[in-house]
$ cat input10.csv   # CSV, C-alpha atoms
chain,number,residue,atom,x,y,z
X,202,MET,CA,-9.9,-32.6,3.1
X,203,GLN,CA,-8.8,-29.5,5.0
X,204,THR,CA,-9.9,-26.3,3.1
X,205,TYR,CA,-8.3,-22.8,3.2
X,206,PHE,CA,-8.8,-19.1,2.4
X,207,LEU,CA,-5.9,-17.2,0.8
X,208,GLY,CA,-5.2,-13.5,1.1
X,209,VAL,CA,-2.7,-11.9,-1.3
X,210,ASP,CA,-1.3,-8.3,-0.9
X,211,GLY,CA,0.8,-7.7,-4.0
X,212,GLY,CA,2.5,-4.4,-3.8
X,213,ASN,CA,5.1,-2.8,-6.0
X,214,THR,CA,7.9,-3.8,-3.6
X,215,LYS,CA,6.8,-7.1,-2.0
X,216,THR,CA,4.0,-9.7,-2.0
X,217,GLU,CA,2.5,-11.1,1.1
X,218,TYR,CA,0.5,-14.4,1.1
X,219,LEU,CA,-1.7,-15.2,4.1
X,220,LEU,CA,-3.0,-18.8,4.3
X,221,CYS,CA,-5.8,-19.4,6.7
X,222,SER,CA,-8.0,-22.5,7.4
X,223,THR,CA,-11.7,-22.0,6.7
X,224,GLU,CA,-12.3,-22.3,10.4
X,225,GLY,CA,-10.2,-19.1,11.0
X,226,LYS,CA,-6.8,-20.6,12.0
X,227,ILE,CA,-3.8,-18.8,10.4
X,228,VAL,CA,-1.5,-21.4,8.8
X,229,ASP,CA,1.2,-19.3,7.2
X,230,VAL,CA,2.4,-15.8,6.3
X,231,PHE,CA,4.7,-16.0,3.3
X,232,ARG,CA,6.6,-12.9,2.1
X,233,ALA,CA,8.2,-12.7,-1.3
X,234,GLY,CA,9.2,-10.1,-3.9
X,235,THR,CA,6.9,-8.0,-6.0
X,236,CYS,CA,4.4,-9.7,-8.4
X,237,SER,CA,3.2,-6.5,-9.9
X,238,HIS,CA,2.9,-6.4,-13.6
X,239,GLU,CA,4.2,-2.8,-13.5
X,240,ARG,CA,7.6,-4.0,-12.3
X,241,PHE,CA,8.4,-6.5,-15.0
X,242,ASP,CA,9.6,-5.9,-18.6
X,243,ASP,CA,7.2,-8.6,-19.8
X,244,GLY,CA,4.3,-7.0,-17.9
X,245,PHE,CA,1.4,-9.4,-17.2
X,246,ASP,CA,3.4,-12.4,-18.4
X,247,GLY,CA,5.9,-11.6,-15.7
X,248,MET,CA,3.2,-11.2,-13.1
X,249,GLU,CA,1.7,-14.6,-13.9
X,250,ARG,CA,5.1,-16.3,-14.0
X,251,VAL,CA,6.3,-14.9,-10.7
X,252,MET,CA,3.0,-15.5,-8.9
X,253,ARG,CA,3.1,-19.1,-10.0
X,254,GLU,CA,6.6,-19.4,-8.6
X,255,GLN,CA,5.6,-17.8,-5.3
X,256,LEU,CA,2.6,-20.0,-4.9
X,257,ASP,CA,4.7,-23.1,-5.6
X,258,GLU,CA,6.9,-21.9,-2.7
X,259,LEU,CA,4.0,-21.3,-0.4
X,260,PHE,CA,2.5,-24.7,-1.1
X,261,ALA,CA,5.8,-26.5,-0.8
X,262,ARG,CA,6.3,-25.3,2.7
X,263,ASN,CA,2.7,-26.3,3.7
X,264,GLU,CA,2.3,-30.0,3.1
X,265,GLY,CA,-1.1,-31.0,1.8
X,266,VAL,CA,-2.0,-27.5,0.6
X,267,GLY,CA,-2.6,-26.7,-3.0
X,268,LEU,CA,-5.0,-24.9,-5.4
X,269,ASP,CA,-7.5,-27.7,-5.0
X,270,ASN,CA,-8.2,-26.9,-1.4
X,271,ILE,CA,-8.3,-23.1,-1.7
X,272,VAL,CA,-12.0,-22.4,-1.3
X,273,ALA,CA,-11.7,-18.7,-2.1
X,274,ALA,CA,-9.0,-16.0,-2.3
X,275,GLY,CA,-8.8,-12.2,-2.1
X,276,PHE,CA,-6.2,-10.4,-4.2
X,277,GLY,CA,-5.2,-6.8,-3.6
X,278,LEU,CA,-2.8,-6.0,-6.4
X,279,ALA,CA,-0.8,-2.9,-7.3
X,280,GLY,CA,-1.5,-1.9,-10.8
X,281,ALA,CA,-5.2,-3.0,-10.6
X,282,ASP,CA,-6.1,0.6,-11.4
X,283,MET,CA,-7.8,0.6,-14.8
X,284,LYS,CA,-10.6,-1.6,-16.1
X,285,TYR,CA,-8.4,-3.3,-18.6
X,286,GLN,CA,-5.8,-4.0,-15.9
X,287,VAL,CA,-8.4,-5.7,-13.6
X,288,GLU,CA,-9.7,-7.7,-16.5
X,289,GLU,CA,-6.2,-8.9,-17.5
X,290,LEU,CA,-5.2,-9.7,-13.9
X,291,THR,CA,-8.5,-11.6,-13.5
X,292,ARG,CA,-7.6,-13.7,-16.6
X,293,ARG,CA,-4.1,-14.4,-15.3
X,294,VAL,CA,-5.3,-15.5,-11.9
X,295,LYS,CA,-7.9,-17.8,-13.6
X,296,ALA,CA,-5.1,-19.2,-15.7
X,297,ILE,CA,-3.1,-20.0,-12.6
X,298,GLY,CA,-6.0,-22.1,-11.4
X,299,PHE,CA,-8.2,-20.0,-9.0
X,300,SER,CA,-11.9,-20.1,-9.5
X,301,ASN,CA,-13.6,-18.2,-6.6
X,302,PHE,CA,-11.7,-15.0,-6.0
X,303,GLY,CA,-11.9,-11.2,-5.9
X,304,ILE,CA,-9.4,-8.8,-7.4
X,305,GLY,CA,-8.9,-5.1,-6.7
X,306,ASN,CA,-6.3,-2.5,-6.0
X,307,ASP,CA,-4.2,-3.4,-3.0
X,308,GLY,CA,-5.8,-0.4,-1.1
X,309,LEU,CA,-9.1,-2.3,-1.0
X,310,LEU,CA,-7.6,-4.8,1.5
X,311,GLY,CA,-7.3,-2.2,4.2
X,312,ILE,CA,-11.0,-1.7,4.2
X,313,LYS,CA,-11.7,-5.4,4.2
X,314,ALA,CA,-9.4,-5.9,7.1
X,315,ALA,CA,-10.3,-3.0,9.4
X,316,SER,CA,-14.0,-2.3,8.7
X,317,GLU,CA,-16.5,-4.8,10.0
X,318,ASN,CA,-19.2,-3.5,7.7
X,319,GLY,CA,-16.9,-3.1,4.7
X,320,VAL,CA,-17.4,0.7,4.6
X,321,GLY,CA,-14.6,3.2,4.8
X,322,ILE,CA,-11.5,4.5,3.1
X,323,CYS,CA,-8.0,3.0,2.8
X,324,ALA,CA,-5.1,5.4,2.4
X,325,VAL,CA,-2.0,3.6,1.2
X,326,ASN,CA,1.3,5.3,1.7
X,327,GLY,CA,4.1,2.8,1.0
X,328,THR,CA,6.4,2.8,-2.0
X,329,GLY,CA,3.6,4.6,-3.8
X,330,THR,CA,0.2,5.8,-2.9
X,331,VAL,CA,-3.5,5.2,-3.6
X,332,VAL,CA,-6.8,5.9,-1.9
X,333,VAL,CA,-9.7,3.5,-2.1
X,334,GLY,CA,-13.2,4.1,-0.7
X,335,VAL,CA,-16.3,2.0,-0.3
X,336,ASP,CA,-19.5,3.6,0.8
X,337,GLU,CA,-22.7,2.1,2.5
X,338,CYS,CA,-24.2,1.4,-1.0
X,339,GLY,CA,-21.2,-0.7,-2.0
X,340,GLU,CA,-20.0,1.9,-4.5
X,341,THR,CA,-16.2,1.9,-4.8
X,342,LEU,CA,-13.9,4.7,-5.9
X,343,GLN,CA,-10.1,4.7,-6.4
X,344,ILE,CA,-8.1,7.9,-6.5
X,345,GLY,CA,-4.4,7.6,-7.4
X,346,GLY,CA,-2.3,4.9,-8.8
X,347,ILE,CA,-2.1,6.7,-12.2
X,348,SER,CA,1.1,8.4,-13.4
X,349,ALA,CA,1.0,12.2,-13.9
X,350,SER,CA,-2.1,12.6,-11.9
X,351,GLY,CA,-0.4,14.8,-9.3
X,352,ASP,CA,-1.7,12.8,-6.2
X,353,SER,CA,1.7,11.8,-5.1
X,354,ALA,CA,3.1,10.5,-1.9
X,355,GLY,CA,4.9,7.3,-0.8
X,356,GLY,CA,8.6,6.5,-0.6
X,357,HIS,CA,9.3,7.3,-4.3
X,358,PHE,CA,7.8,10.8,-3.9
X,359,ILE,CA,9.7,11.5,-0.7
X,360,PHE,CA,13.1,10.4,-1.8
X,361,GLU,CA,12.7,12.3,-5.1
X,362,LYS,CA,11.8,15.4,-3.2
X,363,ILE,CA,14.8,15.1,-1.0
X,364,ILE,CA,17.1,14.7,-4.0
X,365,VAL,CA,15.4,17.7,-5.7
X,366,ALA,CA,15.8,19.8,-2.5
X,367,MET,CA,19.5,18.9,-2.3
X,368,TYR,CA,19.9,19.9,-6.0
X,369,GLU,CA,18.0,23.2,-5.3
X,370,PHE,CA,20.4,24.0,-2.4
X,371,THR,CA,23.5,23.2,-4.4
X,372,PHE,CA,22.6,24.9,-7.7
X,373,ARG,CA,19.6,27.1,-7.3
X,374,CYS,CA,20.0,29.0,-4.0
X,375,GLY,CA,17.5,26.7,-2.1
X,376,PRO,CA,17.4,26.4,1.7
X,377,ASP,CA,20.0,24.2,3.5
X,378,SER,CA,19.1,21.1,5.4
X,379,ALA,CA,20.7,18.7,7.8
X,380,MET,CA,19.8,15.9,5.4
X,381,PHE,CA,22.2,16.9,2.6
X,382,PRO,CA,25.6,16.0,4.1
X,383,LEU,CA,24.2,12.6,5.1
X,384,VAL,CA,22.7,11.9,1.7
X,385,ARG,CA,25.9,13.0,-0.1
X,386,LYS,CA,27.9,10.7,2.1
X,387,LEU,CA,25.4,7.8,1.5
X,388,LEU,CA,25.6,8.2,-2.3
X,389,GLY,CA,29.3,9.2,-2.5
X,390,ILE,CA,28.4,12.6,-4.0
X,391,THR,CA,31.0,15.3,-4.4
X,392,ASP,CA,30.7,18.7,-5.9
X,393,GLU,CA,32.3,17.3,-9.0
X,394,ASN,CA,30.1,14.2,-9.5
X,395,MET,CA,26.7,15.4,-8.2
X,396,LEU,CA,25.1,15.8,-11.6
X,397,GLU,CA,26.3,12.5,-12.9
X,398,THR,CA,25.2,10.7,-9.7
X,399,ILE,CA,21.7,12.1,-9.5
X,400,ALA,CA,21.2,11.3,-13.2
X,401,GLU,CA,21.6,7.6,-12.3
X,402,TYR,CA,18.0,7.0,-11.3
X,403,ASP,CA,18.3,3.3,-10.8
X,404,PHE,CA,21.2,3.9,-8.4
X,405,LEU,CA,19.2,6.5,-6.5
X,406,ARG,CA,16.2,4.2,-6.3
X,407,ARG,CA,18.3,1.3,-4.8
X,408,ASN,CA,19.1,3.7,-1.9
X,409,MET,CA,15.5,5.0,-1.6
X,410,THR,CA,14.8,3.4,1.9
X,411,ASP,CA,18.0,4.9,3.4
X,412,ILE,CA,17.3,8.3,1.9
X,413,VAL,CA,13.8,8.3,3.3
X,414,LYS,CA,15.2,7.3,6.7
X,415,ILE,CA,17.6,10.2,6.7
X,416,GLY,CA,14.7,12.5,5.8
X,417,ALA,CA,12.5,11.1,8.6
X,418,LYS,CA,15.2,11.5,11.2
X,419,ALA,CA,15.7,15.1,10.1
X,420,ALA,CA,12.0,15.9,10.2
X,421,VAL,CA,11.7,14.5,13.8
X,422,ASP,CA,14.7,16.7,14.7
X,423,GLY,CA,12.8,19.8,13.4
X,424,ASP,CA,14.5,20.3,10.1
X,425,GLU,CA,12.2,22.6,8.2
X,426,VAL,CA,13.1,21.3,4.7
X,427,ALA,CA,12.5,17.7,5.8
X,428,LYS,CA,9.3,18.5,7.6
X,429,SER,CA,7.9,20.3,4.5
X,430,ILE,CA,8.5,17.2,2.4
X,431,PHE,CA,6.7,14.8,4.7
X,432,ASP,CA,4.0,17.4,5.3
X,433,ASP,CA,3.5,17.6,1.5
X,434,ALA,CA,3.1,13.8,1.4
X,435,GLY,CA,0.5,13.9,4.2
X,436,SER,CA,-1.4,16.7,2.5
X,437,SER,CA,-1.4,15.0,-0.8
X,438,VAL,CA,-3.0,11.8,0.6
X,439,GLY,CA,-5.4,13.9,2.6
X,440,LYS,CA,-6.7,15.6,-0.5
X,441,SER,CA,-7.4,12.3,-2.1
X,442,VAL,CA,-9.3,11.1,1.0
X,443,ALA,CA,-11.4,14.2,1.0
X,444,GLY,CA,-12.1,13.8,-2.7
X,445,CYS,CA,-13.1,10.2,-2.1
X,446,ILE,CA,-15.5,11.2,0.7
X,447,ARG,CA,-17.1,13.9,-1.4
X,448,ARG,CA,-17.7,11.7,-4.4
X,449,LEU,CA,-19.1,8.8,-2.5
X,450,ALA,CA,-22.2,8.7,-0.3
X,451,PHE,CA,-21.3,7.9,3.3
X,452,LYS,CA,-24.9,8.9,4.3
X,453,GLY,CA,-25.2,9.7,8.0
X,454,MET,CA,-21.5,9.2,8.4
X,455,GLY,CA,-18.8,11.7,9.1
X,456,THR,CA,-20.2,13.1,12.4
X,457,PRO,CA,-18.5,13.2,15.8
X,458,GLU,CA,-20.7,10.2,16.8
X,459,LEU,CA,-20.1,8.2,13.6
X,460,PRO,CA,-16.8,9.3,12.0
X,461,ILE,CA,-15.7,7.8,8.7
X,462,ASN,CA,-13.0,5.2,9.2
X,463,VAL,CA,-9.8,6.0,7.3
X,464,VAL,CA,-7.4,3.1,7.4
X,465,GLN,CA,-3.7,3.9,7.0
X,466,VAL,CA,-1.7,1.1,5.2
X,467,GLY,CA,1.9,1.2,4.1
X,468,SER,CA,5.5,1.5,5.4
X,469,VAL,CA,5.6,5.3,5.2
X,470,TRP,CA,2.7,5.6,7.6
X,471,HIS,CA,4.0,3.0,10.0
X,472,LYS,CA,7.8,3.3,9.8
X,473,VAL,CA,8.3,7.0,9.6
X,474,PRO,CA,8.4,8.4,13.2
X,475,TYR,CA,7.6,12.0,12.2
X,476,ARG,CA,4.0,12.4,13.4
X,477,GLY,CA,3.5,15.7,11.7
X,478,MET,CA,2.8,13.9,8.4
X,479,SER,CA,-0.3,12.1,9.8
X,480,GLU,CA,-1.5,15.3,11.5
X,481,VAL,CA,-1.4,17.2,8.3
X,482,PHE,CA,-3.1,14.3,6.5
X,483,LEU,CA,-6.0,14.2,8.9
X,484,LYS,CA,-6.4,18.0,9.0
X,485,THR,CA,-6.5,18.2,5.2
X,486,ALA,CA,-9.0,15.4,4.9
X,487,VAL,CA,-11.4,16.8,7.5
X,488,GLU,CA,-11.2,20.4,6.3
X,489,LEU,CA,-11.7,19.7,2.6
X,490,SER,CA,-14.4,17.0,3.1
X,491,GLY,CA,-16.3,18.8,5.9
X,492,ARG,CA,-16.6,15.4,7.6
X,493,HIS,CA,-15.2,13.9,10.8
X,494,CYS,CA,-12.8,11.0,10.2
X,495,ARG,CA,-11.2,8.5,12.5
X,496,ILE,CA,-7.7,7.1,11.6
X,497,ILE,CA,-7.2,3.4,12.0
X,498,GLU,CA,-3.5,2.3,11.7
X,499,LEU,CA,-3.5,-1.2,10.2
X,500,LYS,CA,-0.1,-2.5,11.4
X,501,THR,CA,-1.0,-6.2,10.7
X,502,PRO,CA,-0.5,-7.6,7.2
X,503,ALA,CA,-2.9,-6.1,4.7
X,504,ALA,CA,-3.2,-9.6,3.3
X,505,ALA,CA,-5.5,-10.3,6.3
X,506,GLY,CA,-8.1,-8.2,4.4
X,507,GLY,CA,-7.7,-10.7,1.5
X,508,VAL,CA,-8.5,-13.6,3.8
X,509,LEU,CA,-11.6,-11.8,5.2
X,510,TRP,CA,-12.6,-11.0,1.6
X,511,ALA,CA,-12.2,-14.7,0.7
X,512,LYS,CA,-14.5,-15.6,3.6
X,513,GLU,CA,-17.1,-13.1,2.4
X,514,LEU,CA,-16.9,-14.6,-1.2
X,515,ALA,CA,-17.3,-18.1,0.1
X,516,ASP,CA,-20.3,-17.3,2.4
X,517,GLY,CA,-22.0,-14.5,0.4
X,518,ILE,CA,-22.0,-12.3,3.5
X,519,PRO,CA,-19.3,-10.4,5.4
X,520,PRO,CA,-17.5,-12.4,8.1
X,521,SER,CA,-19.3,-12.4,11.4
X,522,PRO,CA,-17.9,-10.5,14.4
X,523,GLU,CA,-17.2,-13.9,16.0
X,524,TYR,CA,-15.1,-15.1,13.1
X,525,ARG,CA,-13.3,-11.8,12.9
X,526,LYS,CA,-12.5,-12.1,16.6
X,527,ILE,CA,-11.1,-15.6,16.2
X,528,PHE,CA,-9.1,-14.4,13.2
X,529,TRP,CA,-7.7,-11.2,14.7
X,530,LYS,CA,-6.6,-12.8,18.0
X,531,GLN,CA,-3.9,-14.6,16.0
X,532,MET,CA,-2.5,-11.4,14.3

$ encode --input "input10.csv" --output "structure tokens"
Amino acid sequence: MQTYFLGVDGGNTKTEYLLCSTEGKIVDVFRAGTCSHERFDDGFDGMERVMREQLDELFARNEGVGLDNIVAAGFGLAGADMKYQVEELTRRVKAIGFSNFGIGNDGLLGIKAASENGVGICAVNGTGTVVVGVDECGETLQIGGISASGDSAGGHFIFEKIIVAMYEFTFRCGPDSAMFPLVRKLLGITDENMLETIAEYDFLRRNMTDIVKIGAKAAVDGDEVAKSIFDDAGSSVGKSVAGCIRRLAFKGMGTPELPINVVQVGSVWHKVPYRGMSEVFLKTAVELSGRHCRIIELKTPAAAGGVLWAKELADGIPPSPEYRKIFWKQM
């Protein structure tokens, strides 16, 4: 019987399943909607229900594949932030039928994917943001992913800042921006209906991607208000990276000869063309930590980190360079 590894990247917007043979051949990449318990009215029940449905779809399109021949799986899940959340998610994944698996915040997958020795930091900047670090002693630290903590970035943060800036300009003598006429047109805002429109948060959120695109284009064109918003996002994630470096060991690392790997994961890093955000991010991380860092842009699916984690769980050691080479050639 053919056996497989499964990597799962479950974010707050989408879920990605990467199915790979134990020999290292990628069989399927299946993308679906979110499975995050944070996005369902019935919480963990919703997460389990939706993940079951998504796995049924994955197996249905791959004849002969089922839970019985999944040797190990690596799950990176949004909302795996607190101990009780990880425990409950673990219980739900067991209930679905998995036996050999690992669960952590989705940020952990970036390190598993990009770092051969499993050491480094992953800075997620997608719909939301989180920073996860693993040092040479195996100690893990997560910063972010908790409401009202102030370590904000991601698409939600950016689009809200754009709406606030537009409100400030209209009602509170704030600076003007090339973004505002375009956002008003997108949302159908007039002087008469602005307050009512921006009070409809669900409506605004459905337009989040287009609002962020408007802001990104303005930042690239040199608009100062737009640039400051994206720079703030970069600085915020940079502070979390620096804090992660300072609280973990990373002994002998962070020098020009051996910089700390910082993996960038998420749509805001990869789809926003304004490079100033990444520059501010790196500058902030280096200055506050006092260590040299090297940015790695992980543009391949983060679920790849789940597959490599599954391989590690099955063998008891990190995947060999040879296995990683075979695997990455297909990505």

$ closest_residue --input "input10.csv" --among "X:Leu220, X:Val228, X:Ile297, X:Ala443" --to "Gly334 in chain X" --atoms "only C-alpha atoms"
X:Ala443

$ closest_residue --input "input10.csv" --among "X:Glu264, X:Glu224, X:Glu397, X:Asp432" --to "Glu480 in chain X" --atoms "all atoms listed in the file"
X:Asp432

$ closest_residue --input "input10.csv" --among "X:Val230, X:Leu278, X:Val466, X:Val481" --to "Glu258 in chain X" --atoms "all atoms listed in the file"
X:Val230

$ residues_around --input "input10.csv" --residues "Leu219 in chain X" --least-positions-apart "5" --cutoff "9 Å" --atoms "only C-alpha atoms" --output "list in words"
Phe206, Leu207, Gly208, Val209, Asp210, Ile227, Val228, Asp229, Val230, Phe231, Arg232, Pro502, Ala504, Ala505, Gly507 and Val508 of chain X

$ residues_around --input "input10.csv" --residues "Thr291 in chain X" --least-positions-apart "3" --cutoff "9 Å" --atoms "only C-alpha atoms" --output "list of chain:residue names"
X:Gln286, X:Val287, X:Glu288, X:Val294, X:Lys295, X:Ala296, X:Phe302, X:Gly303, X:Ile304

$ atom_distance --input "input10.csv" --atom1 "CA of Val487 in chain X" --atom2 "CA of Arg448 in chain X"
14.4 Å

$ closest_atom_pairs --input "input10.csv" --of "range 254-327 of chain X" --to "range 468-475 of chain X" --cutoff "10 Å" --atoms "all atoms listed in the file" --output "JSON lines"
{"residue": "X:Ala324", "atom": "CA", "partner": "X:Trp470", "partner_atom": "CA", "distance": 9.4}
{"residue": "X:Val325", "atom": "CA", "partner": "X:Trp470", "partner_atom": "CA", "distance": 8.2}
{"residue": "X:Asn326", "atom": "CA", "partner": "X:Val469", "partner_atom": "CA", "distance": 5.5}
{"residue": "X:Gly327", "atom": "CA", "partner": "X:Ser468", "partner_atom": "CA", "distance": 4.8}

$ atom_distance --input "input10.csv" --atom1 "CA of Lys313 in chain X" --atom2 "CA of Lys215 in chain X"
19.6 Å

$ closest_residue --input "input10.csv" --among "X:Thr214, X:Ser222, X:Thr341, X:Asn270" --to "Gly355 in chain X" --atoms "all atoms listed in the file"
X:Thr214

$ decode --input "input10.csv" --residues "range 241-334 of chain X" --atoms "C-alpha atoms" --output "compact mmCIF listing (two decimals), in the first residue's frame"
# COMPACT_ATOMS: atom_id res chain seq x y z
CA PHE X 241 -17.02 29.84 12.85
CA ASP X 242 -19.96 30.62 15.11
CA ASP X 243 -19.67 27.08 16.52
CA GLY X 244 -15.91 27.38 17.08
CA PHE X 245 -14.07 24.07 17.37
CA ASP X 246 -17.15 22.13 16.24
CA GLY X 247 -17.10 24.16 13.04
CA MET X 248 -13.36 23.56 12.61
CA GLU X 249 -13.81 19.78 12.90
CA ARG X 250 -16.84 19.71 10.61
CA VAL X 251 -15.18 21.77 7.87
CA MET X 252 -11.85 19.92 8.07
CA ARG X 253 -13.68 16.60 7.68
CA GLU X 254 -15.47 17.96 4.61
CA GLN X 255 -12.25 19.29 3.10
CA LEU X 256 -10.38 16.04 3.70
CA ASP X 257 -13.24 14.12 2.07
CA GLU X 258 -12.77 16.32 -1.00
CA LEU X 259 -9.01 15.81 -0.97
CA PHE X 260 -9.32 12.03 -0.75
CA ALA X 261 -12.12 11.87 -3.32
CA ARG X 262 -9.88 13.49 -5.95
CA ASN X 263 -6.98 11.12 -5.15
CA GLU X 264 -8.12 7.53 -5.65
CA GLY X 265 -6.76 5.09 -3.12
CA VAL X 266 -5.79 7.77 -0.59
CA GLY X 267 -7.39 7.92 2.85
CA LEU X 268 -6.60 8.32 6.51
CA ASP X 269 -5.35 4.73 6.70
CA ASN X 270 -2.34 5.44 4.49
CA ILE X 271 -1.40 8.84 5.94
CA VAL X 272 1.75 7.96 7.91
CA ALA X 273 2.12 11.37 9.54
CA ALA X 274 0.80 14.91 9.19
CA GLY X 275 1.91 18.41 10.15
CA PHE X 276 -0.82 20.95 10.94
CA GLY X 277 -0.12 24.69 11.08
CA LEU X 278 -3.40 26.21 12.24
CA ALA X 279 -4.45 29.79 12.85
CA GLY X 280 -5.83 30.07 16.35
CA ALA X 281 -3.37 27.55 17.82
CA ASP X 282 -2.13 30.33 20.08
CA MET X 283 -2.97 29.38 23.66
CA LYS X 284 -2.36 26.05 25.41
CA TYR X 285 -6.07 25.26 25.67
CA GLN X 286 -6.51 25.94 21.94
CA VAL X 287 -3.69 23.57 20.98
CA GLU X 288 -5.11 20.91 23.30
CA GLU X 289 -8.60 21.23 21.84
CA LEU X 290 -7.33 21.26 18.24
CA THR X 291 -5.28 18.16 19.04
CA ARG X 292 -8.40 16.44 20.37
CA ARG X 293 -10.35 17.36 17.24
CA VAL X 294 -7.66 16.14 14.84
CA LYS X 295 -7.50 12.84 16.75
CA ALA X 296 -11.29 12.58 16.48
CA ILE X 297 -11.04 13.00 12.71
CA GLY X 298 -8.77 9.93 12.65
CA PHE X 299 -5.13 11.07 12.65
CA SER X 300 -2.72 9.35 15.02
CA ASN X 301 0.81 10.58 14.24
CA PHE X 302 0.74 14.34 13.79
CA GLY X 303 2.04 17.67 15.02
CA ILE X 304 -0.01 20.83 15.64
CA GLY X 305 1.21 24.37 16.05
CA ASN X 306 0.46 27.91 14.94
CA ASP X 307 0.58 28.28 11.17
CA GLY X 308 3.73 30.38 11.55
CA LEU X 309 5.67 27.27 12.58
CA LEU X 310 5.36 25.87 9.05
CA GLY X 311 7.59 28.57 7.59
CA ILE X 312 10.50 27.46 9.77
CA LYS X 313 9.89 23.79 9.00
CA ALA X 314 9.85 24.62 5.30
CA ALA X 315 12.77 27.00 4.94
CA SER X 316 15.26 26.01 7.65
CA GLU X 317 17.16 22.77 7.18
CA ASN X 318 18.11 22.57 10.85
CA GLY X 319 14.69 23.71 12.10
CA VAL X 320 16.09 26.90 13.66
CA GLY X 321 14.91 30.41 12.82
CA ILE X 322 11.95 32.75 12.87
CA CYS X 323 8.81 32.89 10.77
CA ALA X 324 7.08 36.26 10.34
CA VAL X 325 3.55 35.82 9.03
CA ASN X 326 1.96 38.85 7.37
CA GLY X 327 -1.22 37.70 5.68
CA THR X 328 -4.80 38.39 6.72
CA GLY X 329 -3.36 38.69 10.23
CA THR X 330 0.10 38.44 11.73
CA VAL X 331 2.09 36.23 14.06
CA VAL X 332 5.79 35.62 14.70
CA VAL X 333 7.10 32.19 15.70
CA GLY X 334 10.70 31.39 16.64
